[in-house]
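Enquirer: Once you've had a glance at the structure underneath, I'll fire off some questions.
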Amino acid sequence: MIDLRALREDPERLRASQRARGEDEAVVDRLIDLDERRRSALSRFESLRAEQKSFGKSVSKAKGPEREALLARAKELAQQVKQAEAEADRLEGELAELLKTVPNIIEDGAPAGGEQDYVVLEHVGEPPSFDFTPRDHLELGELLGAIDTERGAKVSGARFYYLTGVGTRLQLALLNLAMDQAIEAGFVPMYPPLLVKPEAMDGTGFLGAHAAEVYRLPDDDLYLVGTSEVPLAAYHMDEIIDDLPRRYVAWSSCFRREAGSYGKDTRGIIRVHQFDKVEMFSYCTLEDSHEEHLRLLEWEKQMLAKVELPYRVIDVAAGDLGASAARKYDCEAWIPSQNTYREVTSTSNCTEFQARRLSVRHRDDSGKTRPVATLNGTLATTRWIVAILENHQLADGSVRVPKALQPYLGGQEVLEPVR
RNA sequence: GGAGGGUUGGCCGAGCGGUAAGGCAGCGGCUUGCUAAGCCGUCGUCAGGGACACCUGCGUGAGUUCGAAUCUCACACCCUCCGCCA
């Protein structure tokens with residue numbers, strides 16, 4: 001949710017942001033108009049209400065015929081108050097609804113445009129060159145006895161899979177490595193709830209354009225989280241935090257319906273309904289948020305270095321940010337079988353957008369409460385297995401284990417085919 | 001699934017139909033001194049609106065009433081107990 005007061009002072013800022021996102025600029029004028037009408041309706045109601053209250057006091061003191069006269073006037077007032085309140089409530093509701101559709105204002109410097117308009121910030125590492133035809137991750141996974149998508153489909157349907165044997169161990173190794181890195185950096189480790197109430201899901205900004213992506217349990221009015229960003233952002237809902245920054249790292253499963261992605265990435269475990277992820281989450285001041293964002297990106301790069309993957313960093317374009325983010329950097333690892341880079345991490349600065357919706361605040365130097373800034377970033381996911389298997393494969397279908405992962409795999413240096 | 005209790009300012013908490021006690025914290029001042037304590041004080045404190053004087057807001061929504069934190073109904077959430085289940 002954006003700040004209405006700030007909007008009143010500088011509507012041009014939101015206009016520019018909407019333009020860069022390729023979204024409707026006219027909402028700015030509609031917001032301002034609604035806001036003005038709401039405030040005048042509220043004033044009208046409040047002055048009537050004040051009059052009614054003081055009238056009530058004189059009624060309580062009056063006696064006899066004087067009281068009767070006052071009562072008659074008070075009844076009239078009561079009618080007017082009721083009407084004025086209804087009008088103010090109506091406009092308030094209308095404004096709130098419109099406000100919910102407005103995405104965060106982008107950070108200065110975020111590239112304008114849509115999905116294709118990202119800017120590549122850097123390349124790290126070299127894509128491997130093979131003197132044999134590289135296998136894709138599913139073929140490797142099957143050779144190693146690491147991935148079973150056939151039985152995943154049998155039991156749960158398309159886009160489900162089993163990690164088996166060394167695949168399971170590899171995931172545990174990867175996610176533990178990520179947890180350990182974050183804990184060492186001072187993050188508080190968390191295991192969050194994965195079913196959340198509507199206000200948590202909505203407050204995080206996932207029930208807008210992305211509502212179709214979210215699994216919902218109608219009998220219980222709960223949502224399955226698509227990322228632990230949701231329970232981590234809602235963790236301090238309705239609180240005032242005074243010791244900023246706060247950094248949390250959570251390990252969780254993530255559930256996504258992948259509606260509208262029919263036919264995309266149907267092979268293997270690139271795009272699945274359920275996967276595991278280690279996610280960093282920071283609460284800090286708005287002023288610190290830009291620096292914190294770069295720190296999160298740095299931690300992501302550290303992890304990618306540990307698993308020895310070649311990747312590039314992109315500055316995601318405004319139109320592809322999602323509602324909550326003001327700026328987003330993705331790290332994309334090289335995927336040999338696809339001859340392209342695919343997203344393996346994503347870090348967003350949501351500035352005050354989520355905190356305002358969730359009512360997470362801190363006290364500034366003057367003692368006033370202000371929304372905090374929230375940021376998130378990926379440290380590892382199931383999808384990383386794809387990149388690790390493919391980039392570190394050898395001619396015979398075995399896979400070299402990156403040094404940093406070896407201690408987590410009982411010292412194994414190479415994963416060998418089981419058939 | 002059933003029964004009961006609860007929801008009041010940053011925190012605790014009174015209020016039971018007529019302007020929302022009190023305490024803690026906070027802030028300002030003073031005193032004594034020191035891993036801080038005591039005293040005094042007052043207006044402010046959280047949110048929204050505003051002519052910056054004030055006003056509105058007691059979980060949410062309806063109702064009763066001239067007037068609702070207070071009475072009625074519905075809903076949400078939290079807690080306890082019982083039942084069922086892992």
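Within each chain, counting starts at residue 1; across the structure tokens, chains are named A, B, ... in the order shown, with ligands numbered 1 upward in that order.
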Residues of chain A within 10 Å of chain B, using only C-alpha atoms (C1' of nucleotides), as JSON, numbers by chain?
Expert: {"A": [38, 39, 40, 41, 42, 43, 45, 46, 47, 48, 49, 50, 52, 53, 54, 55, 56, 57, 58, 59, 60, 61, 67, 68, 70, 71, 72, 73, 74, 75, 76, 77, 78, 239, 240, 367, 368, 369]}
Enquirer: Which residues come within 12 Å of C12 of chain B, counting only C-alpha atoms (C1' of nucleotides), excluding same-chain residues fewer than 4 positions away, as a PyMOL selection string?
Expert: chain B and resi 8+22-25
Enquirer: Take atom C1' of A3 of chain B and atom C1' of U72 of chain B and report the distance between them in Å, one decimal.
Expert: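 Distance between the two atoms: 21.4 Å.
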Enquirer: Might you pull out every residue within 9 Å of Thr381 of chain A, with only C-alpha atoms (C1' of nucleotides) counted and same-chain residues fewer than 4 positions away left off, and present them as a VMD selection string?
Expert: chain A and resid 171 174 to 175 275 to 279 344 to 345 385
Enquirer: Could you save the residues just selected, with N, CA, C and O atoms, as a PDB file, in the first residue's frame?
Expert:
ATOM      1  N   GLN A 171      19.504 -31.951  -1.770  1.00  0.00           N
ATOM      2  CA  GLN A 171      18.653 -30.825  -1.363  1.00  0.00           C
ATOM      3  C   GLN A 171      18.910 -30.456   0.101  1.00  0.00           C
ATOM      4  O   GLN A 171      19.037 -29.276   0.437  1.00  0.00           O
ATOM      5  N   LEU A 174      22.243 -28.639   0.321  1.00  0.00           N
ATOM      6  CA  LEU A 174      22.167 -27.289  -0.234  1.00  0.00           C
ATOM      7  C   LEU A 174      21.470 -26.330   0.732  1.00  0.00           C
ATOM      8  O   LEU A 174      21.949 -25.221   1.015  1.00  0.00           O
ATOM      9  N   LEU A 175      20.331 -26.767   1.239  1.00  0.00           N
ATOM     10  CA  LEU A 175      19.556 -25.885   2.099  1.00  0.00           C
ATOM     11  C   LEU A 175      20.241 -25.695   3.457  1.00  0.00           C
ATOM     12  O   LEU A 175      20.191 -24.609   4.035  1.00  0.00           O
ATOM     13  N   PHE A 275       8.110 -26.866  -3.759  1.00  0.00           N
ATOM     14  CA  PHE A 275       9.569 -26.963  -3.675  1.00  0.00           C
ATOM     15  C   PHE A 275      10.002 -26.382  -2.342  1.00  0.00           C
ATOM     16  O   PHE A 275       9.186 -25.809  -1.610  1.00  0.00           O
ATOM     17  N   ASP A 276      11.274 -26.550  -2.019  1.00  0.00           N
ATOM     18  CA  ASP A 276      11.776 -26.019  -0.758  1.00  0.00           C
ATOM     19  C   ASP A 276      12.706 -24.848  -1.015  1.00  0.00           C
ATOM     20  O   ASP A 276      13.341 -24.758  -2.062  1.00  0.00           O
ATOM     21  N   LYS A 277      12.742 -23.956  -0.035  1.00  0.00           N
ATOM     22  CA  LYS A 277      13.510 -22.735  -0.242  1.00  0.00           C
ATOM     23  C   LYS A 277      14.056 -22.232   1.085  1.00  0.00           C
ATOM     24  O   LYS A 277      13.411 -22.333   2.121  1.00  0.00           O
ATOM     25  N   VAL A 278      15.256 -21.662   1.024  1.00  0.00           N
ATOM     26  CA  VAL A 278      15.783 -20.904   2.158  1.00  0.00           C
ATOM     27  C   VAL A 278      15.747 -19.436   1.763  1.00  0.00           C
ATOM     28  O   VAL A 278      16.302 -19.048   0.735  1.00  0.00           O
ATOM     29  N   GLU A 279      15.054 -18.655   2.578  1.00  0.00           N
ATOM     30  CA  GLU A 279      14.764 -17.272   2.234  1.00  0.00           C
ATOM     31  C   GLU A 279      15.247 -16.332   3.338  1.00  0.00           C
ATOM     32  O   GLU A 279      14.988 -16.561   4.512  1.00  0.00           O
ATOM     33  N   VAL A 344      17.473 -18.227 -10.303  1.00  0.00           N
ATOM     34  CA  VAL A 344      17.662 -19.076  -9.128  1.00  0.00           C
ATOM     35  C   VAL A 344      17.567 -18.298  -7.820  1.00  0.00           C
ATOM     36  O   VAL A 344      17.360 -18.880  -6.756  1.00  0.00           O
ATOM     37  N   THR A 345      17.722 -16.967  -7.899  1.00  0.00           N
ATOM     38  CA  THR A 345      17.457 -16.156  -6.716  1.00  0.00           C
ATOM     39  C   THR A 345      16.725 -14.898  -7.156  1.00  0.00           C
ATOM     40  O   THR A 345      16.756 -14.526  -8.325  1.00  0.00           O
ATOM     41  N   ILE A 385      19.196 -27.420  -7.745  1.00  0.00           N
ATOM     42  CA  ILE A 385      19.654 -28.783  -8.061  1.00  0.00           C
ATOM     43  C   ILE A 385      19.804 -28.938  -9.567  1.00  0.00           C
ATOM     44  O   ILE A 385      20.749 -29.568 -10.059  1.00  0.00           O
TER      45      ILE A 385
END
Enquirer: Quick one: residues within 12 Å of Thr382 of chain A, only C-alpha atoms (C1' of nucleotides), excluding same-chain residues fewer than 4 positions away - as a ChimeraX atom specification?
Expert: /A:147,161-163,167-175,178,251-254,268-278,343-345,378,386-389
Enquirer: Would you mind exporting C-alpha atoms of the selected residues as a short mmCIF file (atom, residue, chain, number, x, y, z; two decimals), in the first residue's frame?
Expert:
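Output saved as result19.cif:
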data_model
loop_
_atom_site.label_atom_id
_atom_site.label_comp_id
_atom_site.auth_asym_id
_atom_site.auth_seq_id
_atom_site.Cartn_x
_atom_site.Cartn_y
_atom_site.Cartn_z
CA ILE A 147 14.70 -37.42 -9.20
CA TYR A 161 8.14 -35.14 -8.20
CA TYR A 162 9.97 -37.21 -5.67
CA LEU A 163 13.51 -36.42 -4.71
CA GLY A 167 18.66 -36.13 -4.70
CA THR A 168 17.12 -35.82 -1.28
CA ARG A 169 20.56 -35.63 0.30
CA LEU A 170 21.65 -32.99 -2.20
CA GLN A 171 18.65 -30.82 -1.36
CA LEU A 172 19.25 -31.19 2.36
CA ALA A 173 22.93 -30.36 1.83
CA LEU A 174 22.17 -27.29 -0.23
CA LEU A 175 19.56 -25.89 2.10
CA ALA A 178 22.33 -21.85 2.94
CA TRP A 251 13.49 -22.82 5.53
CA SER A 252 10.13 -23.73 4.13
CA SER A 253 8.28 -25.60 1.48
CA CYS A 254 6.58 -23.37 -1.08
CA GLY A 268 11.90 -32.06 -14.82
CA ILE A 269 11.78 -29.90 -11.72
CA ILE A 270 12.32 -26.39 -13.09
CA ARG A 271 8.74 -25.35 -12.54
CA VAL A 272 6.83 -27.35 -9.95
CA HIS A 273 3.88 -26.98 -7.59
CA GLN A 274 5.94 -27.63 -4.49
CA PHE A 275 9.57 -26.96 -3.68
CA ASP A 276 11.78 -26.02 -0.76
CA LYS A 277 13.51 -22.73 -0.24
CA VAL A 278 15.78 -20.90 2.16
CA GLU A 343 16.27 -17.48 -12.28
CA VAL A 344 17.66 -19.08 -9.13
CA THR A 345 17.46 -16.16 -6.72
CA THR A 378 16.57 -16.23 -1.95
CA VAL A 386 18.92 -28.37 -11.77
CA ALA A 387 21.82 -25.97 -12.22
CA ILE A 388 24.18 -27.97 -10.01
CA LEU A 389 23.55 -31.27 -11.81
#
Enquirer: Which of these residues is nearest to Phe160 of chain A, using only C-alpha atoms: A:Thr285, A:Ser348, A:Thr340, A:Thr266?
Expert: A:Thr266
Enquirer: Tell me, which residues of segment 134-327 of chain A carry DSSP strand (DSSP E or B), written as a VMD selection string?
Expert: chain A and resid 147 to 148 162 to 163 188 to 190 195 to 196 216 to 217 222 to 224 239 to 240 246 to 255 274 to 284 311 to 315 327
Enquirer: Neighbouring residues of G4 of chain B were defined as those with any atom within 12 Å, considering only C-alpha atoms (C1' of nucleotides); residues of the same chain fewer than 2 positions away were excluded. Please report them as a list in words.
Expert: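 Final neighbour list, sorted by chain and number: G2, G6, C79, U80, C81 and C82 of chain B.
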Enquirer: Which neighbours of G15 of chain B fall inside 10 Å, counting only C-alpha atoms (C1' of nucleotides), when residues of the same chain fewer than 2 positions from it are skipped, and could you give them as an MDAnalysis selection string?
Expert: chainID B and resid 8 20:21 69:70
Enquirer: Emit the selected residues as a CSV table (one decimal), in the first residue's frame, including all heavy atoms.
Expert:
chain,number,residue,atom,x,y,z
B,8,U,P,-7.7,-5.1,24.2
B,8,U,OP1,-6.6,-4.8,23.3
B,8,U,OP2,-7.4,-5.7,25.5
B,8,U,O5',-8.6,-3.8,24.4
B,8,U,C5',-9.0,-3.0,23.3
B,8,U,C4',-9.4,-1.7,23.8
B,8,U,O4',-10.3,-1.8,24.9
B,8,U,C3',-8.2,-0.8,24.5
B,8,U,O3',-7.4,-0.2,23.5
B,8,U,C2',-9.0,0.1,25.3
B,8,U,O2',-9.6,1.2,24.5
B,8,U,C1',-10.2,-0.8,25.9
B,8,U,N1,-9.9,-1.3,27.2
B,8,U,C2,-10.1,-0.5,28.3
B,8,U,O2,-10.4,0.7,28.2
B,8,U,N3,-9.8,-1.1,29.5
B,8,U,C4,-9.4,-2.4,29.7
B,8,U,O4,-9.2,-2.8,30.9
B,8,U,C5,-9.3,-3.2,28.5
B,8,U,C6,-9.5,-2.6,27.3
B,20,A,P,-15.1,10.2,27.4
B,20,A,OP1,-14.0,11.0,26.8
B,20,A,OP2,-15.6,8.9,26.9
B,20,A,O5',-14.6,10.1,28.9
B,20,A,C5',-14.9,9.1,29.8
B,20,A,C4',-13.8,8.1,29.9
B,20,A,O4',-13.7,7.4,28.7
B,20,A,C3',-12.4,8.7,30.1
B,20,A,O3',-12.2,9.0,31.4
B,20,A,C2',-11.5,7.5,29.6
B,20,A,O2',-11.1,6.7,30.7
B,20,A,C1',-12.4,6.7,28.7
B,20,A,N9,-11.9,6.6,27.3
B,20,A,C8,-12.0,7.5,26.3
B,20,A,N7,-11.5,7.1,25.2
B,20,A,C5,-11.0,5.8,25.5
B,20,A,C6,-10.3,4.8,24.8
B,20,A,N6,-10.0,5.0,23.5
B,20,A,N1,-10.0,3.7,25.4
B,20,A,C2,-10.3,3.5,26.7
B,20,A,N3,-10.9,4.4,27.5
B,20,A,C4,-11.3,5.5,26.8
B,21,A,P,-10.7,9.3,32.0
B,21,A,OP1,-10.8,10.6,32.7
B,21,A,OP2,-9.7,9.3,30.9
B,21,A,O5',-10.3,8.2,33.0
B,21,A,C5',-9.2,8.2,33.8
B,21,A,C4',-9.5,7.8,35.2
B,21,A,O4',-10.3,6.6,35.1
B,21,A,C3',-8.4,7.5,36.1
B,21,A,O3',-7.8,8.7,36.7
B,21,A,C2',-9.0,6.5,37.1
B,21,A,O2',-9.7,7.2,38.0
B,21,A,C1',-9.9,5.7,36.1
B,21,A,N9,-9.2,4.6,35.5
B,21,A,C8,-8.9,4.5,34.2
B,21,A,N7,-8.2,3.3,33.9
B,21,A,C5,-8.1,2.7,35.1
B,21,A,C6,-7.6,1.5,35.5
B,21,A,N6,-7.0,0.7,34.7
B,21,A,N1,-7.6,1.2,36.8
B,21,A,C2,-8.2,2.0,37.7
B,21,A,N3,-8.8,3.2,37.4
B,21,A,C4,-8.7,3.5,36.1
B,69,A,P,-19.3,4.3,23.0
B,69,A,OP1,-19.4,5.5,24.0
B,69,A,OP2,-19.0,4.6,21.6
B,69,A,O5',-18.3,3.3,23.5
B,69,A,C5',-18.0,2.1,22.7
B,69,A,C4',-17.5,1.0,23.6
B,69,A,O4',-16.7,1.5,24.6
B,69,A,C3',-18.7,0.3,24.4
B,69,A,O3',-19.3,-0.7,23.7
B,69,A,C2',-17.9,-0.2,25.6
B,69,A,O2',-17.3,-1.4,25.3
B,69,A,C1',-16.9,0.9,25.9
B,69,A,N9,-17.3,1.9,26.9
B,69,A,C8,-17.6,3.2,26.7
B,69,A,N7,-17.9,3.8,27.8
B,69,A,C5,-17.9,2.8,28.7
B,69,A,C6,-18.1,2.9,30.1
B,69,A,N6,-18.5,4.0,30.8
B,69,A,N1,-17.9,1.7,30.8
B,69,A,C2,-17.5,0.6,30.2
B,69,A,N3,-17.3,0.5,28.8
B,69,A,C4,-17.5,1.6,28.2
B,70,U,P,-20.8,-1.0,23.8
B,70,U,OP1,-21.0,-2.3,23.1
B,70,U,OP2,-21.6,0.2,23.4
B,70,U,O5',-21.1,-1.2,25.3
B,70,U,C5',-20.5,-2.4,26.0
B,70,U,C4',-20.9,-2.2,27.5
B,70,U,O4',-20.4,-0.9,27.9
B,70,U,C3',-22.4,-2.3,27.8
B,70,U,O3',-22.6,-3.1,28.9
B,70,U,C2',-22.7,-0.8,28.1
B,70,U,O2',-23.7,-0.7,29.1
B,70,U,C1',-21.4,-0.2,28.6
B,70,U,N1,-21.3,1.2,28.3
B,70,U,C2,-21.4,2.1,29.4
B,70,U,O2,-21.6,1.7,30.5
B,70,U,N3,-21.3,3.4,29.0
B,70,U,C4,-21.2,3.9,27.8
B,70,U,O4,-21.1,5.2,27.6
B,70,U,C5,-21.1,3.0,26.7
B,70,U,C6,-21.2,1.6,27.1
Enquirer: Extract the full set of alpha helix (DSSP H) residues from segment 86-326 of chain A according to DSSP on the backbone, and format it as a count of residues only.
Expert: 82
Enquirer: Find the residues around Val401 of chain A up to 9 Å (only C-alpha atoms (C1' of nucleotides) counted), leave out those fewer than 5 positions away in its own chain, and share them as a PDB file with N, CA, C and O atoms, in the first residue's frame.
Expert:
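Result file is result.pdb:
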ATOM      1  N   VAL A 307      28.467 -22.894  -4.548  1.00  0.00           N
ATOM      2  CA  VAL A 307      28.094 -24.070  -5.337  1.00  0.00           C
ATOM      3  C   VAL A 307      28.655 -23.976  -6.755  1.00  0.00           C
ATOM      4  O   VAL A 307      28.303 -24.778  -7.628  1.00  0.00           O
ATOM      5  N   ILE A 388      23.005 -27.258 -10.546  1.00  0.00           N
ATOM      6  CA  ILE A 388      24.178 -27.970 -10.015  1.00  0.00           C
ATOM      7  C   ILE A 388      24.437 -29.245 -10.809  1.00  0.00           C
ATOM      8  O   ILE A 388      25.556 -29.520 -11.237  1.00  0.00           O
ATOM      9  N   LEU A 389      23.373 -30.027 -11.049  1.00  0.00           N
ATOM     10  CA  LEU A 389      23.549 -31.274 -11.806  1.00  0.00           C
ATOM     11  C   LEU A 389      24.081 -30.977 -13.204  1.00  0.00           C
ATOM     12  O   LEU A 389      25.026 -31.606 -13.680  1.00  0.00           O
ATOM     13  N   HIS A 392      27.803 -29.289 -13.367  1.00  0.00           N
ATOM     14  CA  HIS A 392      28.923 -30.067 -12.823  1.00  0.00           C
ATOM     15  C   HIS A 392      28.937 -31.507 -13.322  1.00  0.00           C
ATOM     16  O   HIS A 392      29.600 -32.360 -12.753  1.00  0.00           O
ATOM     17  N   GLN A 406      30.437 -30.615  -0.080  1.00  0.00           N
ATOM     18  CA  GLN A 406      30.952 -31.950   0.259  1.00  0.00           C
ATOM     19  C   GLN A 406      30.772 -32.321   1.736  1.00  0.00           C
ATOM     20  O   GLN A 406      30.330 -33.430   2.038  1.00  0.00           O
ATOM     21  N   LEU A 409      27.547 -33.751   2.425  1.00  0.00           N
ATOM     22  CA  LEU A 409      27.206 -34.995   1.727  1.00  0.00           C
ATOM     23  C   LEU A 409      28.155 -36.104   2.162  1.00  0.00           C
ATOM     24  O   LEU A 409      28.547 -36.952   1.360  1.00  0.00           O
ATOM     25  N   GLN A 412      31.383 -36.819   0.118  1.00  0.00           N
ATOM     26  CA  GLN A 412      31.348 -37.296  -1.284  1.00  0.00           C
ATOM     27  C   GLN A 412      31.856 -36.212  -2.229  1.00  0.00           C
ATOM     28  O   GLN A 412      31.426 -35.077  -2.168  1.00  0.00           O
ATOM     29  N   GLU A 413      32.750 -36.579  -3.168  1.00  0.00           N
ATOM     30  CA  GLU A 413      33.265 -35.620  -4.131  1.00  0.00           C
ATOM     31  C   GLU A 413      32.559 -35.734  -5.464  1.00  0.00           C
ATOM     32  O   GLU A 413      32.541 -34.802  -6.253  1.00  0.00           O
ATOM     33  N   VAL A 414      31.984 -36.917  -5.718  1.00  0.00           N
ATOM     34  CA  VAL A 414      31.296 -37.150  -6.984  1.00  0.00           C
ATOM     35  C   VAL A 414      30.051 -37.987  -6.711  1.00  0.00           C
ATOM     36  O   VAL A 414      30.080 -38.911  -5.902  1.00  0.00           O
ATOM     37  N   LEU A 415      28.952 -37.604  -7.367  1.00  0.00           N
ATOM     38  CA  LEU A 415      27.744 -38.436  -7.308  1.00  0.00           C
ATOM     39  C   LEU A 415      27.787 -39.387  -8.503  1.00  0.00           C
ATOM     40  O   LEU A 415      27.928 -38.949  -9.648  1.00  0.00           O
TER      41      LEU A 415
END
Enquirer: Between atom CA of Gly263 of chain A and atom CA of Glu390 of chain A, what is the distance in Å, rounded to a tenth?
Expert: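 Atom-to-atom, atom CA of Gly263 of chain A to atom CA of Glu390 of chain A, that is 21.8 Å.
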Enquirer: How far is it from atom CA of Leu4 of chain A to atom CA of Thr204 of chain A, in Å with one decimal?
Expert: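 Answer for the atom CA of Leu4 of chain A to atom CA of Thr204 of chain A separation: 18.4 Å.
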